Amino acid sequence: MSKQYTVAILGATGAVGTQMLQCLVEQDFPVGELRLLASARSVGKTVEFAGREVAIQEARPEAFDDCDIVLGAAGDDIAKQLLPEAVKRGAVVVDNSHAFRLDADVPLVVPEINADDVKWHHGLIANPNCATIIGLVPTWPLHQLAGVTRMVVSTYQAASGAGAPGMAELEEQLAALGRGEQIPEPHAFAAQLASNLIPQIGGEKFAGFTSEEMKLQNEGRKIMHLPELRVNCTCVRVPVLRSHSESITLEFERDITVEEAREALAAAPGVKLVDDLTAENVHDRWPMPLDTSDQDLIYVGRVRQDISNPRPEHGITFWCCGDQIRKGAATNAVQIAKLLVQ
């Protein structure tokens with residue numbers, strides 16, 4: 001990749017935008033000019049990138065002139081307002097918001113699963129929801145073995161899912177508890193998160209299921225090209241700073257053994273198998289958020305047969321953890337961008 005590209009990050013000062021910067025460096029992305037775009041209040045601040053200082057610019061349509069690739073890390077409203085302008089000006093956009101994910105003419109991509117979908121983009125590629133990515137990366141190799149037809153999922157989502165404000169609020173609450181002080185009024189979450197959990201993420205979307213819960217079904221169908229995939233999902237916010245966890249039970253068309261599942265997971269790109277209940281080192285027994293934070297693999301463990309299934313040989317249950325800010329957002333977006341330039 002000898003060519004250099006002009007790359008912009010929309011929402012560069014947020015948790016995901018900041019992580020995108022680091023991922024560009026880590027993945028040796030061929031950045032020539034870098035444009036960091038944010039709100040007017042951040043204009044003039046500088047950020048270090050690859051040994052140089054880059055000034056933050058105001059996010060407006062003209063800022064996308066002559067850009068090759070735009071990484072979107074802003075909210076839905078800003079994405080809808082500005083990213084089509086970037087496409088009009090000739091850029092290819094990889095967007096992390098929810099704004100375009102289910103548009104029929106916009107690819108929704110997890111490189112380990114459907115990298116070829118990048119080929120039919122029309123200037124815009126969507127990055128899936130964080131919990132969708134974390135759950136589907138290990139589901140995909142098992143689907144290739146036995147054909148998944150149904151998913152029953154519970155997510156245990158960290159404060160990082162609400163961005164920098166969510167992480168700051170949890171840290172503030174934990175500090176107050178440690179000092180024996182009253183917990184400040186929550187703003188990032190509906191209720192106190194420290195020493196608690198919140199069994200609702202997003203507003204009600206369908207039959208009592210929230211918008212976050214429906215994403216796994218609707219996005220999973222599109223990414224895996226399985227329009228009939230059935231998903232039952234419950235999303236819970238937990239007092240973990242970073243890295244989401246998921247308990248997943250899969251039902252398959254064909255027989256699959258635990259041994260076959262473990263072998264497939266151990267060989268799958270983007271996956272690390274951590275599954276030994278008898279290991280002396282606790283970190284080798286099962287995945288935990290502490291172990292999976294600030295890295296890009298999805299750790300998978302607790303692999304076992306679904307003994308509640310009338311045909312246990314058609315069911316597998318497992319536990320997985322992955323960093324929401326990295327593979328669940330920024331890393332996946334940069335991996336998509338690399339597909340565009342390779």
# chains A, B, ... in the order shown; residues from 1 in each chain; ligands from 1
$ closest_atom_pairs --of "stretch 129-163 of chain A" --to "stretch 285-294 of chain A" --cutoff "12 Å" --atoms "only C-alpha atoms" --output "tab-separated table"
residue	atom	partner	partner_atom	distance
A:Ile134	CA	A:Thr292	CA	11.3
A:Tyr156	CA	A:Pro289	CA	9.9
A:Gln157	CA	A:Pro289	CA	9.9
A:Ala158	CA	A:Pro289	CA	8.7
A:Ala159	CA	A:Pro289	CA	11.7
A:Ser160	CA	A:Ser293	CA	10.6
$ closest_residue --among "A:Leu102, A:Cys235, A:Ala329, A:Leu108" --to "A:Gly72" --atoms "only C-alpha atoms"
A:Ala329
$ residues_around --residues "A:Asn129" --least-positions-apart "6" --cutoff "10 Å" --atoms "only C-alpha atoms" --output "PyMOL selection string"
chain A and resi 96-98+101+108+161+212+215-216+219-220+324+328-329
$ residues_around --residues "A:Pro199" --least-positions-apart "3" --cutoff "12 Å" --atoms "only C-alpha atoms" --output "count of residues only"
22
$ residues_around --residues "stretch 55-63 of chain A" --least-positions-apart "4" --cutoff "10 Å" --atoms "only C-alpha atoms" --output "PyMOL selection string"
chain A and resi 8-13+34-48+67+78+81-86+88-89
$ select_by_dssp --residues "stretch 8-86 of chain A" --states "strand (DSSP E or B)" --output "ChimeraX atom specification"
/A:8-10,31-38,46-49,52-58,69-72
$ write_last_selection --atoms "N, CA and C atoms" --output "compact mmCIF listing (two decimals), in the first residue's frame"
# COMPACT_ATOMS: atom_id res chain seq x y z
N ALA A 8 -10.38 11.46 6.95
CA ALA A 8 -11.04 12.32 7.94
C ALA A 8 -11.74 11.45 8.97
N ILE A 9 -11.77 11.93 10.20
CA ILE A 9 -12.56 11.29 11.26
C ILE A 9 -13.59 12.30 11.73
N LEU A 10 -14.87 11.96 11.55
CA LEU A 10 -15.96 12.79 12.03
C LEU A 10 -16.31 12.35 13.45
N VAL A 31 -1.95 6.77 5.86
CA VAL A 31 -2.53 8.10 5.98
C VAL A 31 -1.52 9.13 5.46
N GLY A 32 -1.97 9.92 4.48
CA GLY A 32 -1.18 11.05 4.04
C GLY A 32 -1.59 12.26 4.85
N GLU A 33 -2.75 12.84 4.50
CA GLU A 33 -3.31 13.94 5.28
C GLU A 33 -4.40 13.40 6.19
N LEU A 34 -4.42 13.90 7.43
CA LEU A 34 -5.44 13.50 8.40
C LEU A 34 -6.25 14.73 8.78
N ARG A 35 -7.57 14.62 8.72
CA ARG A 35 -8.45 15.71 9.14
C ARG A 35 -9.31 15.23 10.31
N LEU A 36 -9.20 15.92 11.41
CA LEU A 36 -9.96 15.59 12.61
C LEU A 36 -11.09 16.59 12.74
N LEU A 37 -12.32 16.08 12.67
CA LEU A 37 -13.50 16.94 12.62
C LEU A 37 -14.35 16.76 13.87
N ALA A 38 -14.75 17.88 14.43
CA ALA A 38 -15.56 17.84 15.65
C ALA A 38 -16.41 19.12 15.70
N THR A 46 -5.30 20.55 19.47
CA THR A 46 -4.45 19.67 18.66
C THR A 46 -4.37 18.29 19.28
N VAL A 47 -4.17 17.32 18.42
CA VAL A 47 -4.04 15.92 18.82
C VAL A 47 -2.78 15.36 18.16
N GLU A 48 -2.02 14.58 18.90
CA GLU A 48 -0.82 13.97 18.33
C GLU A 48 -1.20 12.73 17.53
N PHE A 49 -0.64 12.64 16.34
CA PHE A 49 -0.86 11.47 15.49
C PHE A 49 0.42 11.14 14.75
N ARG A 52 3.16 13.73 14.88
CA ARG A 52 2.90 15.11 14.50
C ARG A 52 1.63 15.60 15.16
N GLU A 53 1.50 16.91 15.27
CA GLU A 53 0.31 17.52 15.86
C GLU A 53 -0.70 17.85 14.77
N VAL A 54 -1.94 17.44 14.98
CA VAL A 54 -3.01 17.69 14.01
C VAL A 54 -4.07 18.54 14.69
N ALA A 55 -4.42 19.67 14.07
CA ALA A 55 -5.42 20.57 14.64
C ALA A 55 -6.83 20.08 14.31
N ILE A 56 -7.71 20.22 15.26
CA ILE A 56 -9.11 19.84 15.05
C ILE A 56 -9.82 20.93 14.26
N GLN A 57 -10.60 20.50 13.26
CA GLN A 57 -11.37 21.41 12.42
C GLN A 57 -12.86 21.25 12.71
N GLU A 58 -13.63 22.27 12.35
CA GLU A 58 -15.07 22.19 12.53
C GLU A 58 -15.67 21.23 11.50
N ILE A 69 -11.17 8.84 2.31
CA ILE A 69 -11.91 7.99 3.24
C ILE A 69 -12.32 8.81 4.45
N VAL A 70 -13.57 8.65 4.86
CA VAL A 70 -14.09 9.30 6.06
C VAL A 70 -14.53 8.22 7.03
N LEU A 71 -14.05 8.28 8.25
CA LEU A 71 -14.48 7.38 9.32
C LEU A 71 -15.46 8.15 10.19
N GLY A 72 -16.69 7.64 10.30
CA GLY A 72 -17.72 8.32 11.08
C GLY A 72 -17.79 7.80 12.50
$ residues_around --residues "A:Asp28" --least-positions-apart "5" --cutoff "10 Å" --atoms "only C-alpha atoms" --output "list of chain:residue names"
A:Met1, A:Gln22, A:Cys23, A:Ala50, A:Lys338
$ atom_distance --atom1 "atom CA of A:Met151" --atom2 "atom CA of A:Met224"
12.9 Å
